[in-house]
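K.L.:
File follows, structure_3.pdb with PDB, C-alpha atoms:
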```
MODEL        1
ATOM      1  CA  MET A1208      21.084  30.271  11.518  1.00  0.00           C
ATOM      2  CA  GLN A1209      17.863  31.786  12.765  1.00  0.00           C
ATOM      3  CA  HIS A1210      17.536  34.941  14.852  1.00  0.00           C
ATOM      4  CA  VAL A1211      16.382  34.702  18.470  1.00  0.00           C
ATOM      5  CA  PRO A1212      12.662  35.482  17.857  1.00  0.00           C
ATOM      6  CA  GLU A1213      12.544  32.809  15.115  1.00  0.00           C
ATOM      7  CA  ILE A1214      14.333  30.320  17.362  1.00  0.00           C
ATOM      8  CA  LEU A1215      11.946  30.906  20.248  1.00  0.00           C
ATOM      9  CA  LEU A1216       8.987  30.465  17.884  1.00  0.00           C
ATOM     10  CA  ALA A1217      10.478  27.239  16.485  1.00  0.00           C
ATOM     11  CA  LEU A1218      10.812  25.875  20.030  1.00  0.00           C
ATOM     12  CA  LYS A1219       6.999  25.927  20.258  1.00  0.00           C
ATOM     13  CA  SER A1220       6.710  23.540  17.311  1.00  0.00           C
ATOM     14  CA  ASP A1221       5.339  20.012  17.609  1.00  0.00           C
ATOM     15  CA  ASP A1222       7.952  18.798  15.116  1.00  0.00           C
ATOM     16  CA  PRO A1223      10.992  17.366  16.942  1.00  0.00           C
ATOM     17  CA  GLU A1224      13.317  18.141  14.006  1.00  0.00           C
ATOM     18  CA  ILE A1225      12.349  21.825  14.062  1.00  0.00           C
ATOM     19  CA  ILE A1226      12.907  21.896  17.825  1.00  0.00           C
ATOM     20  CA  GLU A1227      16.318  20.232  17.439  1.00  0.00           C
ATOM     21  CA  ARG A1228      17.444  22.824  14.862  1.00  0.00           C
ATOM     22  CA  ALA A1229      16.266  25.625  17.147  1.00  0.00           C
ATOM     23  CA  LEU A1230      18.139  24.106  20.114  1.00  0.00           C
ATOM     24  CA  ASP A1231      21.296  23.831  17.997  1.00  0.00           C
ATOM     25  CA  ASP A1232      20.919  27.483  16.972  1.00  0.00           C
ATOM     26  CA  LEU A1233      20.547  28.476  20.643  1.00  0.00           C
ATOM     27  CA  GLY A1234      23.735  26.587  21.446  1.00  0.00           C
ATOM     28  CA  LYS A1235      25.623  28.445  18.734  1.00  0.00           C
ATOM     29  CA  LEU A1236      24.179  31.894  19.503  1.00  0.00           C
ATOM     30  CA  LYS A1237      24.770  31.753  23.239  1.00  0.00           C
ATOM     31  CA  TYR A1238      21.639  33.863  23.726  1.00  0.00           C
ATOM     32  CA  GLU A1239      21.502  35.380  27.224  1.00  0.00           C
ATOM     33  CA  ASN A1240      18.587  33.152  28.249  1.00  0.00           C
ATOM     34  CA  SER A1241      19.696  30.003  26.426  1.00  0.00           C
ATOM     35  CA  LEU A1242      19.749  28.039  29.667  1.00  0.00           C
ATOM     36  CA  GLY A1243      16.124  28.854  30.482  1.00  0.00           C
ATOM     37  CA  ALA A1244      15.018  28.204  26.914  1.00  0.00           C
ATOM     38  CA  ILE A1245      16.756  24.802  26.703  1.00  0.00           C
ATOM     39  CA  LEU A1246      15.900  23.341  30.126  1.00  0.00           C
ATOM     40  CA  PRO A1247      12.254  22.361  29.389  1.00  0.00           C
ATOM     41  CA  PHE A1248      13.444  20.149  26.531  1.00  0.00           C
ATOM     42  CA  LEU A1249      15.387  17.877  28.897  1.00  0.00           C
ATOM     43  CA  LYS A1250      11.983  16.315  29.713  1.00  0.00           C
ATOM     44  CA  HIS A1251      10.712  16.130  26.101  1.00  0.00           C
ATOM     45  CA  HIS A1252       9.121  12.855  24.979  1.00  0.00           C
ATOM     46  CA  SER A1253      11.543  12.627  22.016  1.00  0.00           C
ATOM     47  CA  THR A1254      14.909  11.072  22.863  1.00  0.00           C
ATOM     48  CA  ALA A1255      16.516  12.995  19.984  1.00  0.00           C
ATOM     49  CA  VAL A1256      15.244  16.306  21.382  1.00  0.00           C
ATOM     50  CA  ARG A1257      16.594  15.431  24.854  1.00  0.00           C
ATOM     51  CA  GLU A1258      19.964  14.505  23.318  1.00  0.00           C
ATOM     52  CA  THR A1259      20.114  17.816  21.452  1.00  0.00           C
ATOM     53  CA  ALA A1260      19.000  19.799  24.485  1.00  0.00           C
ATOM     54  CA  VAL A1261      21.584  18.341  26.864  1.00  0.00           C
ATOM     55  CA  PHE A1262      24.355  18.615  24.255  1.00  0.00           C
ATOM     56  CA  ASN A1263      23.599  22.315  23.773  1.00  0.00           C
ATOM     57  CA  LEU A1264      23.743  22.906  27.526  1.00  0.00           C
ATOM     58  CA  GLY A1265      27.433  22.163  27.050  1.00  0.00           C
ATOM     59  CA  GLU A1266      27.697  24.458  24.059  1.00  0.00           C
ATOM     60  CA  ILE A1267      26.370  27.509  25.922  1.00  0.00           C
ATOM     61  CA  ASN A1268      29.220  27.354  28.468  1.00  0.00           C
ATOM     62  CA  ASN A1269      27.066  28.387  31.411  1.00  0.00           C
ATOM     63  CA  GLU A1270      28.211  26.893  34.729  1.00  0.00           C
ATOM     64  CA  LYS A1271      24.589  26.938  35.930  1.00  0.00           C
ATOM     65  CA  ALA A1272      23.871  24.191  33.380  1.00  0.00           C
ATOM     66  CA  ILE A1273      26.140  21.651  35.123  1.00  0.00           C
ATOM     67  CA  PRO A1274      23.563  20.215  37.587  1.00  0.00           C
ATOM     68  CA  TYR A1275      21.042  19.692  34.774  1.00  0.00           C
ATOM     69  CA  ILE A1276      23.605  17.993  32.557  1.00  0.00           C
ATOM     70  CA  ILE A1277      24.671  15.784  35.464  1.00  0.00           C
ATOM     71  CA  GLU A1278      21.042  14.843  36.094  1.00  0.00           C
ATOM     72  CA  SER A1279      20.723  13.679  32.469  1.00  0.00           C
ATOM     73  CA  ALA A1280      24.086  11.902  32.646  1.00  0.00           C
ATOM     74  CA  ILE A1281      22.892   9.890  35.630  1.00  0.00           C
ATOM     75  CA  HIS A1282      19.216   9.244  34.970  1.00  0.00           C
ATOM     76  CA  ASP A1283      18.329   9.396  31.283  1.00  0.00           C
ATOM     77  CA  ASP A1284      18.488   6.798  28.507  1.00  0.00           C
ATOM     78  CA  GLU A1285      21.931   5.652  27.454  1.00  0.00           C
ATOM     79  CA  SER A1286      21.976   7.719  24.251  1.00  0.00           C
ATOM     80  CA  VAL A1287      21.040  10.867  26.176  1.00  0.00           C
ATOM     81  CA  ARG A1288      23.674  10.035  28.800  1.00  0.00           C
ATOM     82  CA  MET A1289      26.296   9.892  26.051  1.00  0.00           C
ATOM     83  CA  PHE A1290      25.344  13.404  24.883  1.00  0.00           C
ATOM     84  CA  ALA A1291      25.342  14.583  28.500  1.00  0.00           C
ATOM     85  CA  LEU A1292      28.873  13.269  28.945  1.00  0.00           C
ATOM     86  CA  LEU A1293      29.906  15.124  25.780  1.00  0.00           C
ATOM     87  CA  ALA A1294      28.348  18.299  27.216  1.00  0.00           C
ATOM     88  CA  LEU A1295      30.224  17.861  30.496  1.00  0.00           C
ATOM     89  CA  ASP A1296      33.517  18.075  28.612  1.00  0.00           C
ATOM     90  CA  HIS A1297      32.953  21.855  28.464  1.00  0.00           C
ATOM     91  CA  TYR A1298      33.178  22.088  32.264  1.00  0.00           C
ATOM     92  CA  ARG A1299      35.349  20.887  35.176  1.00  0.00           C
ATOM     93  CA  SER A1300      34.239  20.093  38.717  1.00  0.00           C
ATOM     94  CA  GLY A1301      34.432  17.451  41.400  1.00  0.00           C
ATOM     95  CA  ASP A1302      30.783  16.566  40.738  1.00  0.00           C
ATOM     96  CA  ILE A1303      31.619  15.883  37.101  1.00  0.00           C
ATOM     97  CA  LEU A1304      34.533  13.671  38.137  1.00  0.00           C
ATOM     98  CA  ASN A1305      32.116  11.670  40.298  1.00  0.00           C
ATOM     99  CA  VAL A1306      29.769  11.215  37.310  1.00  0.00           C
ATOM    100  CA  LEU A1307      32.669   9.961  35.186  1.00  0.00           C
ATOM    101  CA  LEU A1308      33.799   7.557  37.907  1.00  0.00           C
ATOM    102  CA  GLU A1309      30.252   6.211  38.243  1.00  0.00           C
ATOM    103  CA  GLU A1310      30.025   5.732  34.474  1.00  0.00           C
ATOM    104  CA  VAL A1311      33.122   3.529  34.606  1.00  0.00           C
ATOM    105  CA  LYS A1312      31.321   1.224  37.082  1.00  0.00           C
ATOM    106  CA  ARG A1313      27.977   1.214  35.245  1.00  0.00           C
ATOM    107  CA  PRO A1314      27.017  -1.927  33.310  1.00  0.00           C
ATOM    108  CA  LYS A1315      27.816  -1.431  29.640  1.00  0.00           C
ATOM    109  CA  ILE A1316      25.119  -1.579  26.989  1.00  0.00           C
ATOM    110  CA  SER A1317      27.159   0.187  24.327  1.00  0.00           C
ATOM    111  CA  ALA A1318      30.665   1.626  24.284  1.00  0.00           C
ATOM    112  CA  SER A1319      29.816   5.313  23.864  1.00  0.00           C
ATOM    113  CA  PRO A1320      29.271   6.479  27.470  1.00  0.00           C
ATOM    114  CA  LYS A1321      32.315   4.609  28.826  1.00  0.00           C
ATOM    115  CA  GLN A1322      34.390   5.870  25.902  1.00  0.00           C
ATOM    116  CA  ARG A1323      33.412   9.468  26.708  1.00  0.00           C
ATOM    117  CA  ALA A1324      34.227   8.910  30.386  1.00  0.00           C
ATOM    118  CA  ALA A1325      37.644   7.421  29.508  1.00  0.00           C
ATOM    119  CA  GLU A1326      38.422  10.397  27.264  1.00  0.00           C
ATOM    120  CA  GLN A1327      37.422  12.955  29.890  1.00  0.00           C
ATOM    121  CA  LEU A1328      39.099  11.412  32.911  1.00  0.00           C
ATOM    122  CA  LYS A1329      42.396  12.848  31.646  1.00  0.00           C
ATOM    123  CA  ASN A1330      41.040  16.241  32.726  1.00  0.00           C
ATOM    124  CA  TYR A1331      41.139  15.102  36.354  1.00  0.00           C
ATOM    125  CA  PRO A1332      44.715  14.023  37.100  1.00  0.00           C
ATOM    126  CA  GLY A1333      44.713  12.195  40.377  1.00  0.00           C
ATOM    127  CA  LYS A1334      44.633   8.728  41.862  1.00  0.00           C
ATOM    128  CA  GLU A1335      40.851   8.256  41.566  1.00  0.00           C
ATOM    129  CA  ALA A1336      40.878   8.923  37.839  1.00  0.00           C
ATOM    130  CA  GLN A1337      43.993   6.789  37.373  1.00  0.00           C
ATOM    131  CA  LYS A1338      42.365   3.854  39.184  1.00  0.00           C
ATOM    132  CA  ALA A1339      39.242   4.145  37.022  1.00  0.00           C
ATOM    133  CA  LEU A1340      41.316   4.207  33.834  1.00  0.00           C
ATOM    134  CA  ILE A1341      43.382   1.212  34.957  1.00  0.00           C
ATOM    135  CA  TYR A1342      40.137  -0.627  35.691  1.00  0.00           C
ATOM    136  CA  LEU A1343      38.895   0.067  32.136  1.00  0.00           C
ATOM    137  CA  ILE A1344      42.209  -0.986  30.594  1.00  0.00           C
ATOM    138  CA  PHE A1345      42.244  -4.327  32.408  1.00  0.00           C
ATOM    139  CA  ASN A1346      38.519  -5.082  32.316  1.00  0.00           C
ATOM    140  CA  ASP A1347      37.100  -3.870  29.025  1.00  0.00           C
ATOM    141  CA  GLU A1348      37.780  -5.709  25.799  1.00  0.00           C
ATOM    142  CA  ASN A1349      36.379  -2.993  23.533  1.00  0.00           C
ATOM    143  CA  PRO A1350      39.134  -0.942  21.831  1.00  0.00           C
ATOM    144  CA  TYR A1351      36.769   2.049  21.714  1.00  0.00           C
ATOM    145  CA  ILE A1352      37.058   2.050  25.494  1.00  0.00           C
ATOM    146  CA  PHE A1353      40.506   0.727  26.370  1.00  0.00           C
ATOM    147  CA  ILE A1354      42.359   2.883  23.794  1.00  0.00           C
ATOM    148  CA  PRO A1355      40.988   6.204  25.146  1.00  0.00           C
ATOM    149  CA  ALA A1356      41.657   4.873  28.652  1.00  0.00           C
ATOM    150  CA  VAL A1357      45.308   4.178  27.745  1.00  0.00           C
ATOM    151  CA  ASP A1358      45.654   7.622  26.159  1.00  0.00           C
ATOM    152  CA  SER A1359      44.159   9.336  29.207  1.00  0.00           C
ATOM    153  CA  LEU A1360      46.330   7.368  31.614  1.00  0.00           C
ATOM    154  CA  TYR A1361      49.414   8.224  29.559  1.00  0.00           C
ATOM    155  CA  SER A1362      48.516  11.936  29.734  1.00  0.00           C
ATOM    156  CA  MET A1363      48.813  11.727  33.539  1.00  0.00           C
ATOM    157  CA  ASN A1364      51.852   9.460  33.575  1.00  0.00           C
ATOM    158  CA  ASP A1365      53.959   9.465  36.734  1.00  0.00           C
ATOM    159  CA  THR A1366      56.424   7.179  38.509  1.00  0.00           C
ATOM    160  CA  SER A1367      53.688   5.468  40.523  1.00  0.00           C
ATOM    161  CA  LEU A1368      52.404   3.958  37.265  1.00  0.00           C
ATOM    162  CA  LEU A1369      55.632   2.154  36.280  1.00  0.00           C
ATOM    163  CA  ASP A1370      54.504  -1.295  37.444  1.00  0.00           C
ATOM    164  CA  THR A1371      51.058  -0.771  35.931  1.00  0.00           C
ATOM    165  CA  TRP A1372      52.548   0.070  32.540  1.00  0.00           C
ATOM    166  CA  LYS A1373      54.801  -2.995  32.728  1.00  0.00           C
ATOM    167  CA  GLU A1374      51.789  -5.172  33.498  1.00  0.00           C
ATOM    168  CA  ILE A1375      49.800  -3.615  30.641  1.00  0.00           C
ATOM    169  CA  ASP A1376      52.697  -4.265  28.275  1.00  0.00           C
ATOM    170  CA  SER A1377      53.014  -7.880  29.414  1.00  0.00           C
ATOM    171  CA  ILE A1378      49.329  -8.857  29.152  1.00  0.00           C
ATOM    172  CA  TYR A1379      48.205  -6.885  26.102  1.00  0.00           C
ATOM    173  CA  SER A1380      48.827  -7.915  22.544  1.00  0.00           C
ATOM    174  CA  HIS A1381      47.574  -4.748  20.883  1.00  0.00           C
ATOM    175  CA  ASP A1382      50.162  -2.781  18.876  1.00  0.00           C
ATOM    176  CA  TYR A1383      48.918   0.653  19.919  1.00  0.00           C
ATOM    177  CA  VAL A1384      48.448  -0.172  23.613  1.00  0.00           C
ATOM    178  CA  ASN A1385      51.845  -1.857  23.805  1.00  0.00           C
ATOM    179  CA  SER A1386      53.556   1.084  22.086  1.00  0.00           C
ATOM    180  CA  VAL A1387      51.976   3.568  24.536  1.00  0.00           C
ATOM    181  CA  ALA A1388      52.897   1.354  27.503  1.00  0.00           C
ATOM    182  CA  ARG A1389      56.507   1.071  26.345  1.00  0.00           C
ATOM    183  CA  GLN A1390      56.729   4.832  25.772  1.00  0.00           C
ATOM    184  CA  ALA A1391      55.287   5.463  29.241  1.00  0.00           C
ATOM    185  CA  ILE A1392      57.865   3.103  30.755  1.00  0.00           C
ATOM    186  CA  ARG A1393      60.701   4.887  28.894  1.00  0.00           C
ATOM    187  CA  ASP A1394      59.392   8.291  29.996  1.00  0.00           C
ATOM    188  CA  ILE A1395      59.344   7.209  33.649  1.00  0.00           C
ATOM    189  CA  GLU A1396      62.741   5.513  33.518  1.00  0.00           C
ATOM    190  CA  ASN A1397      64.309   8.557  31.839  1.00  0.00           C
ATOM    191  CA  GLU A1398      63.019  11.023  34.429  1.00  0.00           C
TER     192      GLU A1398
ENDMDL
END
```
For the structure just supplied, provide its representation as C-alpha coordinates.
P.N.:
Amino acid sequence: MQHVPEILLALKSDDPEIIERALDDLGKLKYENSLGAILPFLKHHSTAVRETAVFNLGEINNEKAIPYIIESAIHDDESVRMFALLALDHYRSGDILNVLLEEVKRPKISASPKQRAAEQLKNYPGKEAQKALIYLIFNDENPYIFIPAVDSLYSMNDTSLLDTWKEIDSIYSHDYVNSVARQAIRDIENE
(Lines of atoms letter the chains of each structure in order from A and count residues from 1; the text may use other names and numbers.)
(Lines give C-alpha, C1' and ligand atoms only; values in the text may rest on other atoms or scores of the structure.)
Protein backbone atom coordinates (compact mmCIF):
# COMPACT_ATOMS: atom_id res chain seq x y z
CA MET A 1 0.00 0.00 0.00
CA GLN A 2 1.21 3.45 -0.91
CA HIS A 3 1.54 6.40 1.46
CA VAL A 4 -0.78 9.40 1.09
CA PRO A 5 1.60 11.61 -0.98
CA GLU A 6 2.19 8.71 -3.41
CA ILE A 7 -1.54 8.02 -3.62
CA LEU A 8 -2.37 11.64 -4.36
CA LEU A 9 0.31 11.70 -7.07
CA ALA A 10 -1.03 8.46 -8.58
CA LEU A 11 -4.51 10.01 -8.77
CA LYS A 12 -3.11 12.52 -11.28
CA SER A 13 -2.14 9.71 -13.66
CA ASP A 14 -3.74 9.22 -17.07
CA ASP A 15 -3.63 5.44 -16.56
CA PRO A 16 -6.97 4.16 -15.23
CA GLU A 17 -5.33 1.14 -13.56
CA ILE A 18 -2.97 3.36 -11.57
CA ILE A 19 -5.92 5.54 -10.54
CA GLU A 20 -7.92 2.47 -9.47
CA ARG A 21 -5.06 1.21 -7.27
CA ALA A 22 -4.73 4.65 -5.70
CA LEU A 23 -8.49 4.80 -5.04
CA ASP A 24 -8.36 1.35 -3.43
CA ASP A 25 -5.46 2.49 -1.23
CA LEU A 26 -7.46 5.58 -0.19
CA GLY A 27 -10.37 3.33 0.76
CA LYS A 28 -8.12 1.19 2.94
CA LEU A 29 -6.22 4.08 4.55
CA LYS A 30 -9.27 6.13 5.45
CA TYR A 31 -7.21 9.28 4.90
CA GLU A 32 -8.89 12.33 6.46
CA ASN A 33 -9.69 13.83 3.05
CA SER A 34 -10.52 10.58 1.25
CA LEU A 35 -14.00 11.84 0.41
CA GLY A 36 -12.69 14.95 -1.35
CA ALA A 37 -9.98 12.99 -3.13
CA ILE A 38 -12.39 10.31 -4.42
CA LEU A 39 -15.35 12.46 -5.50
CA PRO A 40 -13.88 13.78 -8.80
CA PHE A 41 -13.47 10.20 -10.03
CA LEU A 42 -17.24 9.59 -9.95
CA LYS A 43 -17.32 11.53 -13.26
CA HIS A 44 -14.26 9.85 -14.83
CA HIS A 45 -14.59 8.66 -18.44
CA SER A 46 -13.51 5.12 -17.43
CA THR A 47 -16.34 2.94 -16.12
CA ALA A 48 -13.82 0.89 -14.11
CA VAL A 49 -12.53 4.03 -12.38
CA ARG A 50 -16.10 5.12 -11.53
CA GLU A 51 -16.83 1.64 -10.15
CA THR A 52 -13.71 1.75 -7.98
CA ALA A 53 -14.40 5.30 -6.83
CA VAL A 54 -17.99 4.65 -5.74
CA PHE A 55 -17.04 1.35 -4.07
CA ASN A 56 -14.36 3.10 -2.02
CA LEU A 57 -16.84 5.75 -0.90
CA GLY A 58 -18.39 2.85 1.01
CA GLU A 59 -15.05 1.71 2.35
CA ILE A 60 -14.21 5.08 3.93
CA ASN A 61 -17.31 4.94 6.16
CA ASN A 62 -18.03 8.66 5.91
CA GLU A 63 -21.75 9.50 6.15
CA LYS A 64 -21.14 12.53 3.91
CA ALA A 65 -20.49 10.09 1.05
CA ILE A 66 -24.07 8.75 1.05
CA PRO A 67 -25.62 11.33 -1.33
CA TYR A 68 -22.83 10.79 -3.87
CA ILE A 69 -23.17 7.02 -3.70
CA ILE A 70 -26.94 7.33 -4.09
CA GLU A 71 -26.45 9.56 -7.13
CA SER A 72 -24.30 6.86 -8.76
CA ALA A 73 -26.76 4.14 -7.71
CA ILE A 74 -29.57 5.97 -9.49
CA HIS A 75 -27.96 7.51 -12.55
CA ASP A 76 -24.81 5.68 -13.64
CA ASP A 77 -24.26 2.62 -15.84
CA GLU A 78 -25.51 -0.68 -14.48
CA SER A 79 -22.04 -1.93 -13.49
CA VAL A 80 -21.35 1.29 -11.56
CA ARG A 81 -24.80 1.04 -9.95
CA MET A 82 -23.91 -2.44 -8.71
CA PHE A 83 -20.75 -1.11 -7.03
CA ALA A 84 -22.76 1.80 -5.61
CA LEU A 85 -25.23 -0.64 -4.07
CA LEU A 86 -22.31 -2.56 -2.55
CA ALA A 87 -21.00 0.72 -1.11
CA LEU A 88 -24.40 1.55 0.38
CA ASP A 89 -24.22 -1.62 2.47
CA HIS A 90 -21.82 0.27 4.77
CA TYR A 91 -24.57 2.74 5.69
CA ARG A 92 -28.24 2.81 6.78
CA SER A 93 -30.82 5.49 6.02
CA GLY A 94 -34.31 5.99 4.69
CA ASP A 95 -32.84 7.41 1.47
CA ILE A 96 -30.89 4.20 0.97
CA LEU A 97 -34.03 2.14 1.53
CA ASN A 98 -35.74 4.17 -1.19
CA VAL A 99 -32.85 3.44 -3.59
CA LEU A 100 -33.15 -0.28 -2.86
CA LEU A 101 -36.91 -0.22 -3.38
CA GLU A 102 -36.47 1.59 -6.70
CA GLU A 103 -33.87 -0.97 -7.80
CA VAL A 104 -36.42 -3.73 -7.25
CA LYS A 105 -38.77 -2.00 -9.72
CA ARG A 106 -36.09 -1.17 -12.30
CA PRO A 107 -36.00 -3.22 -15.51
CA LYS A 108 -33.36 -5.92 -15.20
CA ILE A 109 -30.41 -6.08 -17.57
CA SER A 110 -28.31 -8.32 -15.34
CA ALA A 111 -28.90 -9.87 -11.93
CA SER A 112 -26.24 -8.03 -9.94
CA PRO A 113 -28.02 -4.81 -8.90
CA LYS A 114 -31.27 -6.59 -7.95
CA GLN A 115 -29.27 -9.24 -6.11
CA ARG A 116 -27.50 -6.55 -4.07
CA ALA A 117 -30.83 -4.86 -3.32
CA ALA A 118 -32.38 -8.18 -2.21
CA GLU A 119 -29.41 -8.85 0.09
CA GLN A 120 -29.54 -5.39 1.66
CA LEU A 121 -33.27 -5.09 2.18
CA LYS A 122 -32.89 -7.33 5.25
CA ASN A 123 -31.28 -4.31 6.93
CA TYR A 124 -34.60 -2.47 6.76
CA PRO A 125 -37.18 -4.63 8.54
CA GLY A 126 -40.58 -3.26 7.76
CA LYS A 127 -43.54 -3.74 5.46
CA GLU A 128 -42.06 -1.82 2.51
CA ALA A 129 -38.97 -4.01 2.40
CA GLN A 130 -41.05 -7.15 2.92
CA LYS A 131 -43.33 -6.23 0.00
CA ALA A 132 -40.32 -5.62 -2.26
CA LEU A 133 -38.79 -8.97 -1.32
CA ILE A 134 -42.08 -10.79 -1.87
CA TYR A 135 -42.32 -9.12 -5.28
CA LEU A 136 -38.83 -10.41 -6.20
CA ILE A 137 -39.61 -13.91 -4.94
CA PHE A 138 -42.79 -14.19 -7.02
CA ASN A 139 -41.63 -12.29 -10.11
CA ASP A 140 -37.98 -13.07 -10.73
CA GLU A 141 -36.90 -16.42 -12.10
CA ASN A 142 -33.18 -15.87 -11.48
CA PRO A 143 -31.92 -17.80 -8.41
CA TYR A 144 -29.25 -15.13 -7.89
CA ILE A 145 -32.13 -12.81 -7.09
CA PHE A 146 -34.89 -14.91 -5.55
CA ILE A 147 -32.57 -16.82 -3.16
CA PRO A 148 -31.19 -13.64 -1.50
CA ALA A 149 -34.76 -12.31 -1.44
CA VAL A 150 -35.95 -15.45 0.40
CA ASP A 151 -33.04 -15.21 2.85
CA SER A 152 -33.73 -11.54 3.55
CA LEU A 153 -37.45 -12.14 4.00
CA TYR A 154 -36.72 -15.01 6.38
CA SER A 155 -34.45 -12.73 8.45
CA MET A 156 -37.48 -10.49 9.12
CA ASN A 157 -39.97 -13.32 9.57
CA ASP A 158 -43.13 -12.52 11.51
CA THR A 159 -46.68 -13.85 11.83
CA SER A 160 -47.99 -11.58 9.07
CA LEU A 161 -45.91 -13.61 6.60
CA LEU A 162 -47.48 -17.02 7.34
CA ASP A 163 -49.76 -17.05 4.29
CA THR A 164 -46.98 -15.71 2.08
CA TRP A 165 -44.63 -18.50 3.15
CA LYS A 166 -47.35 -21.09 2.52
CA GLU A 167 -47.89 -19.68 -0.96
CA ILE A 168 -44.15 -19.67 -1.66
CA ASP A 169 -43.93 -23.29 -0.53
CA SER A 170 -46.88 -24.30 -2.72
CA ILE A 171 -45.73 -22.64 -5.96
CA TYR A 172 -41.96 -23.11 -5.81
CA SER A 173 -40.17 -26.29 -6.69
CA HIS A 174 -36.71 -25.25 -5.54
CA ASP A 175 -35.20 -27.30 -2.70
CA TYR A 176 -33.59 -24.36 -0.92
CA VAL A 177 -36.56 -21.99 -1.24
CA ASN A 178 -38.99 -24.68 -0.10
CA SER A 179 -36.81 -25.58 2.89
CA VAL A 180 -36.61 -21.92 3.99
CA ALA A 181 -40.37 -21.49 3.50
CA ARG A 182 -41.13 -24.58 5.57
CA GLN A 183 -38.74 -23.47 8.32
CA ALA A 184 -40.36 -20.02 8.35
CA ILE A 185 -43.80 -21.62 8.65
CA ARG A 186 -42.60 -23.81 11.56
CA ASP A 187 -41.02 -20.81 13.28
CA ILE A 188 -44.27 -18.83 13.06
CA GLU A 189 -46.47 -21.74 14.14
CA ASN A 190 -44.21 -22.49 17.11
CA GLU A 191 -44.24 -18.91 18.41
K.L.:
Enter the distance from atom CA of A:Thr1259 to atom CA of A:Phe1353, in Å, rounded to one decimal.
P.N.:
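Rounded to one decimal, the two atoms are 27.1 Å apart.
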K.L.:
Can you pull out the residues contacting stretch 1378-1387 of chain A? Cut-off 12 Å, using only C-alpha atoms, and skip same-chain residues under 6 positions away; I want them as a PyMOL selection string.
P.N.:
chain A and resi 1344-1350+1352-1362+1364+1371-1372+1393-1394
K.L.:
Atom CA of A:Leu1343 and atom CA of A:Ser1279 are how many Å apart?
P.N.:
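Between these atoms lies a distance of 22.7 Å.
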K.L.:
Within 10 Å of stretch 1221-1227 of chain A, counting only C-alpha atoms, which residues qualify if same-chain residues fewer than 5 places away don't, as a PyMOL selection string?
P.N.:
chain A and resi 1214-1216+1232-1233+1248+1251-1260+1263
K.L.:
Could you write those residues out with C-alpha atoms, as a short mmCIF file (atom, residue, chain, number, x, y, z; two decimals), in the coordinates of the input?
P.N.:
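Output saved as selection.cif:
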```cif
data_model
loop_
_atom_site.label_atom_id
_atom_site.label_comp_id
_atom_site.auth_asym_id
_atom_site.auth_seq_id
_atom_site.Cartn_x
_atom_site.Cartn_y
_atom_site.Cartn_z
CA ILE A 1214 14.33 30.32 17.36
CA LEU A 1215 11.95 30.91 20.25
CA LEU A 1216 8.99 30.46 17.88
CA ASP A 1232 20.92 27.48 16.97
CA LEU A 1233 20.55 28.48 20.64
CA PHE A 1248 13.44 20.15 26.53
CA HIS A 1251 10.71 16.13 26.10
CA HIS A 1252 9.12 12.86 24.98
CA SER A 1253 11.54 12.63 22.02
CA THR A 1254 14.91 11.07 22.86
CA ALA A 1255 16.52 13.00 19.98
CA VAL A 1256 15.24 16.31 21.38
CA ARG A 1257 16.59 15.43 24.85
CA GLU A 1258 19.96 14.50 23.32
CA THR A 1259 20.11 17.82 21.45
CA ALA A 1260 19.00 19.80 24.48
CA ASN A 1263 23.60 22.32 23.77
#
```
K.L.:
Determine the residue membership of the PyMOL selection byres ((chain A and resi 1327) around 10) for the file above and supply it as a PyMOL selection string.
P.N.:
chain A and resi 1292-1293+1295-1296+1299+1303-1304+1307+1321-1326+1328-1331+1336+1355-1356+1359
K.L.:
I'd like to know which of A:Ile1395, A:Ala1388, A:Met1289, A:Leu1230 is closest to A:Thr1366, using only C-alpha atoms.
P.N.:
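Residue with the minimum atom-to-atom distance to A:Thr1366: A:Ile1395.
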K.L.:
Quick check, in Å to one decimal: how far apart do atom CA of A:Glu1278 and atom CA of A:Ala1291 lie?
P.N.:
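Here the two named atoms are 8.7 Å from each other.
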K.L.:
Identify which of the residues A:Gly1265, A:Glu1213, A:Pro1247, A:Asp1283 lies closest to A:Gly1234, counting only C-alpha atoms when measuring atom-to-atom distances.
P.N.:
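The closest residue to A:Gly1234 is A:Gly1265.
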K.L.:
Nearest residue to A:Ile1341 out of A:Leu1368, A:Lys1315, A:Leu1249, A:Arg1389, using all atoms listed in the file?
P.N.:
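Smallest distance to A:Ile1341 is found for A:Leu1368.
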K.L.:
Enclose all atoms of stretch 1338-1349 of chain A listed in the file in an axis-aligned box, grow every side by 5 Å, and hand back centre and edge lengths in Å to one decimal, as AutoDock Vina command-line options.
P.N.:
```
--center_x 39.9 --center_y -0.8 --center_z 31.4 --size_x 17.0 --size_y 19.9 --size_z 25.7
```
K.L.:
Closest to A:Ile1281 among A:Ser1300, A:Phe1262, A:Leu1308, A:Asn1268, using only C-alpha atoms?
P.N.:
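Smallest distance to A:Ile1281 is found for A:Leu1308.
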K.L.:
From the options A:Ile1267, A:Ile1392, A:Ile1273, A:Leu1340, which residue's atoms come nearest to A:Leu1236, counting only C-alpha atoms?
P.N.:
A:Ile1267
